[in-house]
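*Asks:* Quick one, data_23.cif (mmCIF, C-alpha atoms):
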```
data_work
loop_
_atom_site.label_atom_id
_atom_site.label_comp_id
_atom_site.auth_asym_id
_atom_site.auth_seq_id
_atom_site.Cartn_x
_atom_site.Cartn_y
_atom_site.Cartn_z
CA MET W 23 70.71 141.34 -105.24
CA SER W 24 69.68 137.67 -105.06
CA GLU W 25 72.00 134.71 -105.50
CA LEU W 26 70.53 134.19 -108.97
CA ASP W 27 71.29 137.82 -109.86
CA LEU W 28 74.92 137.38 -108.78
CA ALA W 29 75.24 134.09 -110.67
CA LEU W 30 73.75 135.70 -113.77
CA VAL W 31 76.23 138.57 -113.64
CA HIS W 32 79.17 136.17 -113.22
CA ALA W 33 77.93 134.08 -116.15
CA LEU W 34 77.79 137.18 -118.35
CA GLN W 35 81.30 138.14 -117.27
CA VAL W 36 82.41 134.81 -118.76
CA ARG W 37 80.13 134.88 -121.81
CA PRO W 38 78.73 138.40 -122.19
CA ARG W 39 76.60 137.66 -125.27
CA ALA W 40 75.40 134.20 -124.30
CA ALA W 41 71.80 133.36 -125.17
CA TRP W 42 69.40 133.11 -122.25
CA THR W 43 68.48 129.60 -123.42
CA ASP W 44 72.14 128.56 -123.05
CA LEU W 45 72.43 130.00 -119.53
CA ALA W 46 69.07 128.76 -118.23
CA PRO W 47 70.03 125.11 -117.47
CA LEU W 48 73.35 126.18 -115.93
CA LEU W 49 71.70 128.67 -113.57
CA GLY W 50 68.57 126.65 -112.79
CA ALA W 51 66.10 129.22 -114.11
CA THR W 52 64.05 129.72 -117.25
CA ALA W 53 65.28 131.89 -120.10
CA VAL W 54 62.33 134.24 -119.51
CA THR W 55 63.33 134.67 -115.87
CA LEU W 56 66.94 135.43 -116.76
CA ALA W 57 65.91 137.95 -119.41
CA ARG W 58 63.58 139.68 -116.97
CA ARG W 59 66.22 139.83 -114.22
CA TRP W 60 68.83 141.21 -116.61
CA GLU W 61 66.41 143.84 -117.82
CA ARG W 62 65.89 144.95 -114.20
CA LEU W 63 69.63 145.02 -113.46
CA THR W 64 70.39 147.15 -116.52
CA ALA W 65 67.40 149.45 -115.93
CA GLU W 66 68.65 150.14 -112.40
CA GLY W 67 72.22 150.72 -113.66
CA LEU W 68 73.58 147.82 -111.61
CA ALA W 69 75.12 145.85 -114.49
CA TRP W 70 75.72 146.28 -118.20
CA VAL W 71 77.52 144.64 -121.11
CA SER W 72 79.58 146.58 -123.63
CA ALA W 73 82.13 146.15 -126.40
CA VAL W 74 85.69 147.16 -125.50
CA PRO W 75 89.10 146.99 -127.23
CA GLY W 76 90.33 143.41 -127.33
CA PRO W 77 93.77 141.99 -126.51
CA ALA W 78 95.12 142.98 -129.94
CA PHE W 79 94.41 146.66 -129.31
CA PRO W 80 97.65 147.47 -127.42
CA ARG W 81 99.72 146.29 -130.40
CA GLY W 82 98.23 148.82 -132.76
CA GLY W 83 96.72 151.34 -130.38
CA CYS W 84 97.84 153.37 -127.43
CA THR W 85 96.79 152.99 -123.79
CA ALA W 86 97.72 155.83 -121.44
CA PHE W 87 97.05 156.71 -117.81
CA VAL W 88 96.79 160.44 -117.25
CA PHE W 89 96.93 162.21 -113.88
CA VAL W 90 95.42 165.69 -113.90
CA ARG W 91 95.76 168.41 -111.27
CA CYS W 92 93.26 171.26 -111.08
CA ALA W 93 91.92 173.89 -108.69
CA PRO W 94 89.95 172.25 -105.83
CA ALA W 95 86.71 174.00 -106.76
CA ALA W 96 86.99 172.82 -110.36
CA ARG W 97 87.20 169.07 -109.75
CA GLU W 98 83.58 168.16 -110.49
CA ARG W 99 83.28 170.60 -113.38
CA LEU W 100 86.45 169.35 -115.03
CA ALA W 101 85.46 165.71 -114.53
CA GLY W 102 82.19 166.40 -116.34
CA ARG W 103 83.99 168.01 -119.26
CA LEU W 104 86.49 165.19 -119.55
CA ALA W 105 83.74 162.58 -119.45
CA ARG W 106 82.42 164.00 -122.73
CA LEU W 107 85.71 163.29 -124.53
CA ARG W 108 85.75 159.97 -126.38
CA GLU W 109 89.45 159.35 -125.79
CA ALA W 110 89.04 159.58 -122.00
CA VAL W 111 87.27 156.23 -121.65
CA THR W 112 87.48 156.24 -117.84
CA VAL W 113 87.41 159.32 -115.58
CA GLU W 114 87.92 159.01 -111.84
CA LEU W 115 88.02 161.61 -109.09
CA VAL W 116 90.84 160.72 -106.70
CA ALA W 117 91.82 161.89 -103.24
CA PRO W 118 93.62 165.24 -103.68
CA GLY W 119 97.39 164.93 -103.73
CA ARG W 120 99.72 165.01 -106.70
CA ALA W 121 96.60 164.69 -108.88
CA ASP W 122 92.87 165.33 -108.64
CA LEU W 123 91.69 163.13 -111.49
CA MET W 124 92.91 159.93 -113.10
CA LEU W 125 92.04 159.13 -116.72
CA ASP W 126 92.32 155.98 -118.80
CA VAL W 127 92.94 157.16 -122.36
CA LEU W 128 92.69 155.01 -125.47
CA THR W 129 93.69 156.22 -128.93
CA PRO W 130 94.41 154.45 -132.23
CA ASP W 131 98.09 155.49 -132.10
CA LEU W 132 100.65 157.63 -130.29
CA ALA W 133 99.91 160.62 -132.51
CA GLY W 134 96.27 160.45 -131.41
CA ALA W 135 97.36 160.49 -127.76
CA ALA W 136 99.55 163.53 -128.42
CA ARG W 137 96.63 165.35 -130.04
CA PHE W 138 94.37 164.53 -127.10
CA LEU W 139 96.91 165.74 -124.55
CA GLY W 140 97.85 168.91 -126.39
CA GLU W 141 94.68 169.95 -128.20
CA LYS W 142 91.87 168.72 -125.94
CA LEU W 143 93.18 168.29 -122.40
CA ALA W 144 95.87 170.93 -121.88
CA VAL W 145 93.72 173.73 -123.30
CA LEU W 146 90.92 173.28 -120.75
CA PRO W 147 90.92 176.30 -118.42
CA ASP W 148 90.75 174.29 -115.18
CA VAL W 149 93.80 172.09 -115.93
CA LEU W 150 96.87 173.08 -113.92
CA ASP W 151 99.20 170.13 -114.51
CA VAL W 152 99.24 166.84 -116.41
CA GLU W 153 101.29 163.68 -115.99
CA CYS W 154 100.97 160.91 -118.56
CA VAL W 155 102.38 157.37 -118.59
CA PHE W 156 101.90 154.83 -121.37
CA ALA W 157 101.21 151.14 -120.93
CA THR W 158 103.95 148.96 -122.38
CA SER W 159 102.22 145.74 -121.30
CA LEU W 160 98.75 145.02 -119.90
CA TYR W 161 98.72 142.00 -117.60
CA ALA W 162 95.17 142.39 -116.26
CA GLU W 163 92.19 144.60 -117.09
CA GLY W 164 88.54 144.87 -116.18
CA SER W 165 87.12 142.36 -118.67
CA ARG W 166 89.07 139.57 -116.96
CA TRP W 167 87.82 140.35 -113.44
CA ARG W 168 85.22 137.92 -112.05
CA LEU W 169 82.57 138.20 -109.36
CA GLY W 170 83.12 134.66 -108.04
CA SER W 171 79.48 133.55 -107.71
CA LEU W 172 79.59 130.39 -109.87
CA ASP W 173 81.03 127.06 -108.81
CA ALA W 174 83.68 125.13 -110.71
CA ALA W 175 81.17 122.86 -112.47
CA GLN W 176 79.16 125.83 -113.74
CA LEU W 177 82.28 127.60 -114.98
CA SER W 178 83.47 124.48 -116.74
CA ALA W 179 80.12 124.09 -118.49
CA LEU W 180 80.16 127.75 -119.53
CA ASN W 181 83.62 127.48 -121.00
CA ARG W 182 82.75 124.29 -122.87
CA SER W 183 79.68 125.86 -124.46
CA GLY W 184 81.47 129.07 -125.46
CA GLY W 185 83.19 129.96 -128.70
CA ALA W 186 82.55 132.38 -131.53
CA ASP W 187 82.25 131.84 -135.27
CA GLY W 188 85.52 133.31 -136.43
CA ALA W 189 85.63 131.66 -139.85
CA GLY W 190 87.10 133.67 -142.65
CA GLY W 191 90.48 134.61 -141.25
CA PRO W 192 91.75 137.52 -139.16
CA VAL W 193 90.63 141.13 -139.57
CA SER W 194 93.29 143.70 -140.44
CA ASP W 195 91.27 146.86 -141.07
CA LEU W 196 87.88 147.97 -139.82
CA THR W 197 85.20 148.91 -142.33
CA ALA W 198 82.60 151.66 -142.03
CA SER W 199 80.04 148.97 -141.15
CA ASP W 200 82.34 147.68 -138.39
CA HIS W 201 82.41 151.13 -136.81
CA VAL W 202 78.61 151.31 -136.88
CA LEU W 203 78.39 147.90 -135.21
CA LEU W 204 80.98 148.76 -132.57
CA ASP W 205 79.34 152.09 -131.71
CA ALA W 206 76.07 150.24 -131.05
CA LEU W 207 77.80 147.50 -129.06
CA VAL W 208 79.72 149.96 -126.89
CA ALA W 209 76.35 151.33 -125.79
CA ASP W 210 74.80 147.88 -125.34
CA GLY W 211 76.95 144.82 -125.85
CA ARG W 212 73.90 142.53 -125.93
CA THR W 213 72.19 144.27 -128.84
CA ARG W 214 70.42 141.59 -130.89
CA LEU W 215 71.94 140.43 -134.15
CA THR W 216 68.77 141.39 -136.02
CA GLU W 217 68.98 144.96 -134.70
CA LEU W 218 72.65 145.18 -135.66
CA ALA W 219 71.86 143.82 -139.11
CA ASP W 220 69.24 146.51 -139.62
CA LEU W 221 71.81 149.20 -138.77
CA ILE W 222 74.14 148.18 -141.59
CA GLY W 223 71.59 146.77 -144.04
CA SER W 224 72.84 143.19 -143.79
CA SER W 225 71.70 139.82 -142.47
CA ALA W 226 71.96 138.53 -138.90
CA ALA W 227 74.14 135.62 -140.09
CA THR W 228 76.59 138.05 -141.71
CA VAL W 229 76.76 140.15 -138.55
CA ARG W 230 77.35 137.05 -136.42
CA ARG W 231 80.24 135.95 -138.62
CA ARG W 232 81.73 139.46 -138.67
CA LEU W 233 81.60 139.77 -134.88
CA GLY W 234 83.16 136.34 -134.63
CA ARG W 235 86.07 137.45 -136.79
CA LEU W 236 86.49 140.72 -134.85
CA THR W 237 86.64 138.91 -131.51
CA ALA W 238 88.80 136.07 -132.84
CA SER W 239 91.25 138.65 -134.18
CA GLY W 240 91.44 140.26 -130.73
CA ILE W 241 90.29 143.64 -132.03
CA VAL W 242 87.16 143.71 -129.89
CA ALA W 243 86.06 141.99 -126.68
CA PHE W 244 82.94 142.13 -124.54
CA ARG W 245 82.74 142.73 -120.82
CA CYS W 246 80.09 142.85 -118.15
CA ASP W 247 80.56 145.76 -115.74
CA ILE W 248 78.87 146.20 -112.39
CA ALA W 249 78.12 148.83 -109.78
CA PRO W 250 79.72 148.61 -106.30
CA ALA W 251 76.36 147.46 -104.92
CA VAL W 252 76.88 144.23 -106.88
CA SER W 253 80.59 143.70 -106.29
CA GLY W 254 80.58 144.63 -102.60
CA LEU W 255 83.90 146.37 -103.28
CA PRO W 256 83.20 150.11 -103.15
CA LEU W 257 86.78 151.35 -102.80
CA SER W 258 89.29 151.72 -105.63
CA VAL W 259 93.01 152.17 -105.02
CA THR W 260 95.78 152.45 -107.60
CA PHE W 261 99.32 151.62 -106.53
CA ARG W 262 102.20 153.11 -108.47
CA GLY W 263 105.63 151.63 -107.92
CA ARG W 264 109.01 150.61 -109.22
CA ALA W 265 110.31 147.15 -109.95
CA PRO W 266 113.51 146.01 -111.69
CA ALA W 267 113.06 145.40 -115.40
CA SER W 268 113.98 141.76 -114.85
CA ASP W 269 110.94 141.35 -112.54
CA VAL W 270 108.34 143.20 -114.60
CA ASN W 271 107.41 140.16 -116.68
CA ARG W 272 106.58 138.33 -113.45
CA LEU W 273 103.69 140.71 -112.73
CA HIS W 274 101.05 138.43 -114.25
CA ARG W 275 102.21 135.59 -111.98
CA THR W 276 102.36 137.74 -108.85
CA LEU W 277 100.31 140.92 -108.49
CA ALA W 278 97.64 139.85 -111.01
CA THR W 279 96.85 136.74 -108.98
CA LEU W 280 95.82 138.75 -105.92
CA PRO W 281 92.06 139.00 -105.27
CA GLU W 282 90.31 142.19 -106.35
CA CYS W 283 92.94 143.02 -109.03
CA ARG W 284 91.21 145.08 -111.71
CA LEU W 285 94.13 146.48 -113.67
CA LEU W 286 97.82 145.70 -113.86
CA ALA W 287 100.22 147.29 -116.32
CA ALA W 288 103.87 147.93 -116.95
CA VAL W 289 104.18 151.61 -117.83
CA THR W 290 106.67 154.24 -118.88
CA GLY W 291 108.16 156.67 -116.38
CA CYS W 292 110.07 156.37 -113.11
CA ALA W 293 107.28 154.31 -111.51
CA ASN W 294 107.06 151.48 -114.03
CA VAL W 295 104.25 149.48 -112.39
CA LEU W 296 100.60 150.53 -112.09
CA ALA W 297 98.02 148.31 -110.36
CA THR W 298 94.39 149.01 -109.46
CA TYR W 299 92.41 146.99 -106.92
CA TRP W 300 88.78 147.09 -105.81
CA LEU W 301 88.61 146.80 -102.02
CA ARG W 302 85.98 146.56 -99.29
CA ASP W 303 87.18 149.42 -97.09
CA ILE W 304 90.03 151.84 -96.39
CA GLY W 305 91.68 149.39 -94.01
CA SER W 306 92.18 146.93 -96.87
CA VAL W 307 94.58 149.30 -98.65
CA GLN W 308 97.52 148.48 -96.40
CA GLN W 309 96.65 144.78 -96.43
CA ARG W 310 96.67 144.69 -100.22
CA GLU W 311 99.94 146.61 -100.41
CA THR W 312 101.52 144.23 -97.91
CA ALA W 313 100.32 141.24 -99.93
CA ALA W 314 101.60 142.76 -103.16
CA CYS W 315 105.06 143.37 -101.72
CA ALA W 316 105.12 139.83 -100.35
CA GLN W 317 104.35 138.48 -103.83
CA LEU W 318 106.96 140.70 -105.46
CA PRO W 319 109.58 141.67 -102.84
CA SER W 320 111.48 143.87 -105.30
CA LEU W 321 108.45 146.14 -105.72
CA ASP W 322 108.80 149.61 -104.20
CA VAL W 323 105.37 151.25 -103.88
CA THR W 324 105.86 154.97 -104.40
CA GLU W 325 102.28 156.27 -104.49
CA ARG W 326 98.81 155.20 -103.39
CA VAL W 327 96.04 156.87 -105.40
CA LEU W 328 92.69 156.50 -103.66
CA GLY W 329 89.62 156.68 -105.89
CA MET W 330 86.82 158.86 -104.54
CA ARG W 331 84.27 158.46 -107.34
CA THR W 332 84.23 157.07 -110.87
CA VAL W 333 82.47 159.48 -113.21
CA LYS W 334 82.90 157.38 -116.35
CA ARG W 335 84.01 153.80 -116.90
CA MET W 336 84.80 152.55 -120.41
CA GLY W 337 82.38 155.00 -121.97
CA HIS W 338 79.55 154.60 -119.45
CA LEU W 339 78.55 157.50 -117.22
CA LEU W 340 78.01 156.69 -113.54
CA ASP W 341 76.18 158.41 -110.69
CA ASP W 342 77.53 158.95 -107.16
CA ASP W 343 76.70 155.33 -106.26
CA GLY W 344 78.48 153.92 -109.31
CA ARG W 345 75.29 153.04 -111.17
CA ARG W 346 75.18 153.56 -114.92
CA VAL W 347 73.07 156.56 -115.92
CA GLY W 348 74.22 157.22 -119.50
CA VAL W 349 76.68 156.47 -122.28
CA CYS W 350 79.37 158.53 -123.99
CA PRO W 351 80.50 156.07 -126.69
CA ILE W 352 84.21 155.46 -127.14
CA ARG W 353 85.94 154.88 -130.46
CA PRO W 354 89.55 153.89 -129.88
CA TRP W 355 89.71 151.63 -132.93
#
```
Take the structure I supplied and represent it as structure tokens, if you would.

*Replies:*
Amino acid sequence: MSELDLALVHALQVRPRAAWTDLAPLLGATAVTLARRWERLTAEGLAWVSAVPGPAFPRGGCTAFVFVRCAPAARERLAGRLARLREAVTVELVAPGRADLMLDVLTPDLAGAARFLGEKLAVLPDVLDVECVFATSLYAEGSRWRLGSLDAAQLSALNRSGGADGAGGPVSDLTASDHVLLDALVADGRTRLTELADLIGSSAATVRRRLGRLTASGIVAFRCDIAPAVSGLPLSVTFRGRAPASDVNRLHRTLATLPECRLLAAVTGCANVLATYWLRDIGSVQQRETAACAQLPSLDVTERVLGMRTVKRMGHLLDDDGRRVGVCPIRPW
């Protein structure tokens, strides 16, 4: 990974669908060079852009975190089966303890989550026990995490040149054409407008306006994901803990401000706080917990779930090194 590669990835984290011609002057390279480097990064599974549920999704949809226990010999087999289920958007093997796998589950509503838990997950022969908690508030998630390779002037220029065409008012219901577009964009969030237009038999201008309305309405967002080789943060740890209800709304001003925070949510259950961090090594786990408790003294960390390997992240299948090797499209909308 060169410095230009890292800067390119950070730029796409800020503006995932930005044109190469827009990024070229900011990054000091030609549009052709940027396109070629991005093609190499995606071909090697080091970075990719995809469509994901936007900030409006939690209001209408359901976000759940599911902890699954199984027989030790069945861990890999069960992870592979779960990765094929659309609702299980993220599947992670964790250090054996109270659970063997951790799932991020997205469904259009609570009834959909109940069907997934009862009709798809519980019936699998290798499943021994299931614990499920539901997000009541999401304070941080992966699309907001940044690599930190750009300077302040570059970030300011990126933000000034951003903005989508959201004319036409908010979107309330998705059409059949929207679902076709989103399925394609989950697989590759940088699919060209002309290619998307061909899929639904429309014009590129119409697709651009429709995507602008979908993003402006908060229904869909775009994110640039990376392999650990890019982030330099190969270890994932999820802290579960309790905090007084009066302090929960302070999470975005405390725990979310800590470096390496990937996910922060208020959840149902006895442990009402769930936070995931990407760290450099095992020794950083205690340091991050200490920092979290210093930021929020009322927090009582009750469990530390150490990620061993991510099998699937937001619909993208990963190898043992965390590189993307395939796609199992999600459809939570």

*Asks:* Please write the residues picked by the PyMOL selection byres ((chain W and resi 206) around 12) on this file as an MDAnalysis selection string.

*Replies:* chainID W and resid 71:74 199:205 207:215 217:222 349:353

*Asks:* Write out as a ChimeraX atom specification the residues lying within 9 Å of Leu172 (chain W), counting all atoms listed in the file and excluding same-chain residues fewer than 2 positions away.

*Replies:* /W:28-30,32-33,49,169-170,174-177

*Asks:* Return as a short mmCIF file (atom, residue, chain, number, x, y, z; two decimals) with C-alpha atoms, in the coordinates of the input the set of residues that the PyMOL selection byres ((chain W and resi 304) around 12) yields on the displayed structure.

*Replies:*
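Ended up saving to result-v6.cif:
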```cif
data_model
loop_
_atom_site.label_atom_id
_atom_site.label_comp_id
_atom_site.auth_asym_id
_atom_site.auth_seq_id
_atom_site.Cartn_x
_atom_site.Cartn_y
_atom_site.Cartn_z
CA LEU W 255 83.90 146.37 -103.28
CA PRO W 256 83.20 150.11 -103.15
CA LEU W 257 86.78 151.35 -102.80
CA SER W 258 89.29 151.72 -105.63
CA VAL W 259 93.01 152.17 -105.02
CA TYR W 299 92.41 146.99 -106.92
CA TRP W 300 88.78 147.09 -105.81
CA LEU W 301 88.61 146.80 -102.02
CA ARG W 302 85.98 146.56 -99.29
CA ASP W 303 87.18 149.42 -97.09
CA GLY W 305 91.68 149.39 -94.01
CA SER W 306 92.18 146.93 -96.87
CA VAL W 307 94.58 149.30 -98.65
CA GLN W 308 97.52 148.48 -96.40
CA GLN W 309 96.65 144.78 -96.43
CA ARG W 310 96.67 144.69 -100.22
CA GLU W 311 99.94 146.61 -100.41
CA ARG W 326 98.81 155.20 -103.39
CA VAL W 327 96.04 156.87 -105.40
CA LEU W 328 92.69 156.50 -103.66
CA GLY W 329 89.62 156.68 -105.89
CA MET W 330 86.82 158.86 -104.54
#
```

*Asks:* Suppose a student applies the PyMOL selection byres ((chain W and resi 144-158) around 6) to this structure; what residues should they get, written as a list in words?

*Replies:*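 Applied to this file, the PyMOL selection byres ((chain W and resi 144-158) around 6) selects Thr85, Ala86, Phe87, Val88, Phe89, Val90, Arg91, Cys92, Leu139, Gly140, Lys142, Leu143, Ser159, Ala288, Val289 and Thr290 of chain W.
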
*Asks:* Compare W:Leu339, W:Val347, W:Ala226, W:Leu280 by their minimum atom-to-atom distance to Ala316 (chain W), counting all atoms listed in the file, and give me the closest one.

*Replies:*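 Smallest distance to Ala316 (chain W) is found for W:Leu280.
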
*Asks:* Would you mind telling me which residue in W:Arg137, W:Arg335, W:Arg235, W:Arg262 lies nearest to Val111 (chain W) when using all atoms listed in the file?

*Replies:*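 Among W:Arg137, W:Arg335, W:Arg235, W:Arg262, it is W:Arg335 that comes nearest to Val111 (chain W).
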
*Asks:* Do a neighbour search on Cys315 (chain W) at 12 Å with all atoms listed in the file, toss out local chain neighbours closer than 4 positions, and write the hits as number ranges by chain.

*Replies:* W: 261, 263-265, 273, 276-277, 280, 308-311, 319-324

*Asks:* Limited to C-alpha atoms, could you put the picked residues into a file as a short mmCIF file (atom, residue, chain, number, x, y, z; two decimals), keeping the file's coordinate frame?

*Replies:*
```cif
data_model
loop_
_atom_site.label_atom_id
_atom_site.label_comp_id
_atom_site.auth_asym_id
_atom_site.auth_seq_id
_atom_site.Cartn_x
_atom_site.Cartn_y
_atom_site.Cartn_z
CA PHE W 261 99.32 151.62 -106.53
CA GLY W 263 105.63 151.63 -107.92
CA ARG W 264 109.01 150.61 -109.22
CA ALA W 265 110.31 147.15 -109.95
CA LEU W 273 103.69 140.71 -112.73
CA THR W 276 102.36 137.74 -108.85
CA LEU W 277 100.31 140.92 -108.49
CA LEU W 280 95.82 138.75 -105.92
CA GLN W 308 97.52 148.48 -96.40
CA GLN W 309 96.65 144.78 -96.43
CA ARG W 310 96.67 144.69 -100.22
CA GLU W 311 99.94 146.61 -100.41
CA PRO W 319 109.58 141.67 -102.84
CA SER W 320 111.48 143.87 -105.30
CA LEU W 321 108.45 146.14 -105.72
CA ASP W 322 108.80 149.61 -104.20
CA VAL W 323 105.37 151.25 -103.88
CA THR W 324 105.86 154.97 -104.40
#
```

*Asks:* Counting only C-alpha atoms, note down every residue that has an atom within 6 Å of the point (77.3, 143.8, -110.5) (file coordinates), as a ChimeraX atom specification.

*Replies:* /W:68-69,248-249,252-253

*Asks:* Got a minute to add N, CA and C atoms to region 224-248 of chain W and dump it as a short mmCIF file (atom, residue, chain, number, x, y, z; two decimals), in the frame of the given file?

*Replies:*
```
data_model
loop_
_atom_site.label_atom_id
_atom_site.label_comp_id
_atom_site.auth_asym_id
_atom_site.auth_seq_id
_atom_site.Cartn_x
_atom_site.Cartn_y
_atom_site.Cartn_z
N SER W 224 72.30 144.51 -143.50
CA SER W 224 72.84 143.19 -143.79
C SER W 224 71.96 142.14 -143.13
N SER W 225 72.45 140.90 -143.11
CA SER W 225 71.70 139.82 -142.47
C SER W 225 72.29 139.51 -141.10
N ALA W 226 71.49 138.89 -140.23
CA ALA W 226 71.96 138.53 -138.90
C ALA W 226 73.12 137.54 -138.98
N ALA W 227 73.06 136.62 -139.95
CA ALA W 227 74.14 135.62 -140.09
C ALA W 227 75.45 136.31 -140.46
N THR W 228 75.38 137.31 -141.34
CA THR W 228 76.59 138.05 -141.71
C THR W 228 77.16 138.80 -140.52
N VAL W 229 76.30 139.43 -139.73
CA VAL W 229 76.76 140.15 -138.55
C VAL W 229 77.40 139.19 -137.55
N ARG W 230 76.79 138.03 -137.35
CA ARG W 230 77.35 137.05 -136.42
C ARG W 230 78.75 136.62 -136.85
N ARG W 231 78.92 136.35 -138.13
CA ARG W 231 80.24 135.95 -138.62
C ARG W 231 81.25 137.09 -138.48
N ARG W 232 80.81 138.32 -138.76
CA ARG W 232 81.73 139.46 -138.67
C ARG W 232 82.17 139.68 -137.22
N LEU W 233 81.24 139.61 -136.29
CA LEU W 233 81.60 139.77 -134.88
C LEU W 233 82.52 138.64 -134.43
N GLY W 234 82.27 137.45 -134.96
CA GLY W 234 83.16 136.34 -134.63
C GLY W 234 84.58 136.58 -135.09
N ARG W 235 84.73 137.15 -136.28
CA ARG W 235 86.07 137.45 -136.79
C ARG W 235 86.73 138.58 -136.00
N LEU W 236 85.94 139.59 -135.62
CA LEU W 236 86.49 140.72 -134.85
C LEU W 236 86.98 140.27 -133.48
N THR W 237 86.22 139.40 -132.83
CA THR W 237 86.64 138.91 -131.51
C THR W 237 87.79 137.91 -131.64
N ALA W 238 87.72 137.03 -132.65
CA ALA W 238 88.80 136.07 -132.84
C ALA W 238 90.11 136.76 -133.17
N SER W 239 90.04 137.90 -133.84
CA SER W 239 91.25 138.65 -134.18
C SER W 239 91.78 139.46 -133.00
N GLY W 240 91.00 139.52 -131.91
CA GLY W 240 91.44 140.26 -130.73
C GLY W 240 91.24 141.76 -130.84
N ILE W 241 90.53 142.21 -131.85
CA ILE W 241 90.29 143.64 -132.03
C ILE W 241 89.25 144.14 -131.03
N VAL W 242 88.24 143.31 -130.80
CA VAL W 242 87.16 143.71 -129.89
C VAL W 242 86.90 142.58 -128.90
N ALA W 243 86.47 142.94 -127.70
CA ALA W 243 86.06 141.99 -126.68
C ALA W 243 84.78 142.53 -126.05
N PHE W 244 84.14 141.71 -125.25
CA PHE W 244 82.94 142.13 -124.54
C PHE W 244 83.15 141.93 -123.06
N ARG W 245 82.60 142.85 -122.26
CA ARG W 245 82.74 142.73 -120.82
C ARG W 245 81.45 143.13 -120.12
N CYS W 246 81.24 142.54 -118.98
CA CYS W 246 80.09 142.85 -118.15
C CYS W 246 80.59 143.64 -116.95
N ASP W 247 80.16 144.89 -116.85
CA ASP W 247 80.56 145.76 -115.74
C ASP W 247 79.45 145.83 -114.71
N ILE W 248 79.83 146.17 -113.49
CA ILE W 248 78.87 146.20 -112.39
C ILE W 248 79.10 147.40 -111.49
#
```
